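Q: Sharing a structure, written as structure tokens. Questions coming.
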Amino acid sequence: MKVILKEPLVYFLLLSGLLFYVTTFFQQDSDNSQEIVVDRASLLSYIQQRTKIVEQDKLIKMFDRMPEDKRSDWVNAYVREEALYREAQALRLEENDPIIKGRVIQKLEFITKEYSEATLNVTQTDLDEYFDKNKQNYYIEPFVTFTHVYFDSGTHGKNSAKSLAIEKLNELSNNKVSFSEGIKHGDRFPYHVNYVERTPDFIASHFGQDMSDKIFNLKTIGDTWQGPFESEYGVHLIMVNRMEKGRFPSLTDVSEQVYQDVQREQIQSNLERSYKAIIDTYSVKVESLSE
């Protein structure tokens, strides 16, 4: 593959590698090659990696309040790990070790991702183009909020359940029984009494597709009992409190979500370009993979 050095990340990686090897070369003859320096910054970084404390202020406060014996334990742990790591490097134990190789690759991927995030540049044009191309992903499903009074056809029989529902409808309407009071009437339903902002698929999963379609086609919204409606379980009286039709929102309605999606797309695009730039600095030869 042709060598490509246009990506800033490639320069960064190559210079970092050069610096590492130069430092290693001069350290081989240095009197300080066996010296392990434990300073505040390195120890804080070490503790942060082990404790997963992200907030820097929180970490520093914890460290400053730490008892001397606990701080000494961290120092010992840091020195032990650093010594073992250097010895492993001296013995070249990292060579051909899949675990170490995986960890190194993971660190490089982390650096690359940070670079990709740092080079983000989301413009209004990016948002407009992305939204137009992916508008179907932001479709807002219709939903309904309702309560129901239920009569079990298994207990009463289908005809009796329907008769009871018609009789109860008159009672609920004449007494102006409210949304919240409906729970006092009828039989116990296997699922819920109140359904709040539920989609057609959700309602169909509890009542069947036919009843779901009828509910979403109701025109009367408010303090009115309607029915009876039949499901596979029995007969229902419905009071719909709110209903919203499905719609495609404007970009303004979902701008924050679209912005996050464009960011993710840009990060992924930056990552792929960076990986390709790194790979293109190598000559790849694939030999026969057949036996």
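Just remember, in the structure tokens the first chain shown is A, the second B, etc., residues are 1-based per chain, and ligands are 1-based in the order shown.
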Using only C-alpha atoms, determine which residues lie at most 10 Å from Val144 (chain A), disregarding the query and same-chain residues fewer than 6 positions distant; provide the list as a PyMOL selection string.
A: chain A and resi 195-200+203+215-216+240-245
Q: To test your reading of the structure, identify every residue in region 45-206 of chain A that backbone DSSP assigns to helix (DSSP H, G or I), and report it as a VMD selection string.
A: chain A and resid 45 to 51 56 to 64 68 to 90 98 to 118 124 to 133 135 to 138 153 to 156 158 to 174 180 to 184 200 to 206
Q: How far is it from CA of Asn174 (chain A) to CA of Asp223 (chain A), in Å with one decimal?
A: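 Answer for the CA of Asn174 (chain A) to CA of Asp223 (chain A) separation: 12.0 Å.
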Q: Near Tyr275 (chain A), counting only C-alpha atoms, which residues have an atom at most 9 Å away, once you skip same-chain residues fewer than 4 positions from it, shown as number ranges by chain?
A: A: 109, 112, 270-271, 279-280
Q: Name the residues in contact with Ile36 (chain A) at a cut-off of 12 Å, using only C-alpha atoms, excluding same-chain residues fewer than 6 positions from it; report them as a list in words.
A: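 These residues fall inside the cut-off: Ser42, Leu43, Val75, Asn76, Tyr78, Val79, Arg80, Glu81, Glu82, Ala83, Leu84, Tyr85 and Arg86 of chain A.
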Q: Take CA of Met211 (chain A) and CA of Pro190 (chain A) and report the distance between them in Å, one decimal.
A: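 Answer for the CA of Met211 (chain A) to CA of Pro190 (chain A) separation: 15.8 Å.
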Q: Could you name the residues that touch Gln260 (chain A) at 12 Å or less, counting only C-alpha atoms, but leaving out those on the same chain fewer than 3 positions away, as a VMD selection string?
A: chain A and resid 120 122 126 to 127 130 to 131 254 to 257 263 to 267
Q: Pull C-alpha atoms from the residues just selected and write them as a JSON list (two decimals), in the first residue's frame.
A:
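Wrote again_38.json, looks like this:
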[["chain", "number", "residue", "atom", "x", "y", "z"],
["A", 120, "LEU", "CA", -14.80, 17.30, 15.51],
["A", 122, "VAL", "CA", -20.16, 19.87, 13.43],
["A", 126, "ASP", "CA", -23.83, 18.91, 8.62],
["A", 127, "LEU", "CA", -26.95, 18.84, 10.80],
["A", 130, "TYR", "CA", -27.74, 14.40, 8.14],
["A", 131, "PHE", "CA", -31.32, 15.08, 9.23],
["A", 254, "VAL", "CA", -34.72, 16.90, 17.79],
["A", 255, "SER", "CA", -31.65, 19.11, 17.31],
["A", 256, "GLU", "CA", -29.79, 17.77, 20.35],
["A", 257, "GLN", "CA", -30.26, 14.14, 19.32],
["A", 263, "GLN", "CA", -20.87, 13.68, 16.33],
["A", 264, "ARG", "CA", -20.84, 9.87, 16.48],
["A", 265, "GLU", "CA", -20.74, 9.65, 12.69],
["A", 266, "GLN", "CA", -17.87, 12.13, 12.47],
["A", 267, "ILE", "CA", -15.91, 10.34, 15.20]]
Q: So, with only C-alpha atoms as the atoms that count, which of A:Pro98, A:Ile140, A:Glu167, A:Leu237 lies closest to Ile183 (chain A)?
A: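 Nearest candidate to Ile183 (chain A) out of A:Pro98, A:Ile140, A:Glu167, A:Leu237: A:Leu237.
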Q: Could you pull the residues within 12 Å of region 58-62 of chain A, counting only C-alpha atoms, minus those fewer than 3 positions along the same chain, as a ChimeraX atom specification?
A: /A:40-41,43-55,65-67,70-71
Q: Run DSSP on the backbone and grab whatever in region 31-235 of chain A lands in strand (DSSP E or B); send it over as an MDAnalysis selection string.
A: chainID A and resid 140 143:152 194:198 226:230 234:235
Q: How far is it from CA of Pro249 (chain A) to CA of Tyr138 (chain A), in Å with one decimal?
A: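 Between these atoms lies a distance of 7.0 Å.
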Q: As a ChimeraX atom specification, please: the residues near Asp201 (chain A) (cut-off 10 Å, only C-alpha atoms, same-chain neighbours under 4 positions excluded).
A: /A:141-143,205-209,212-213
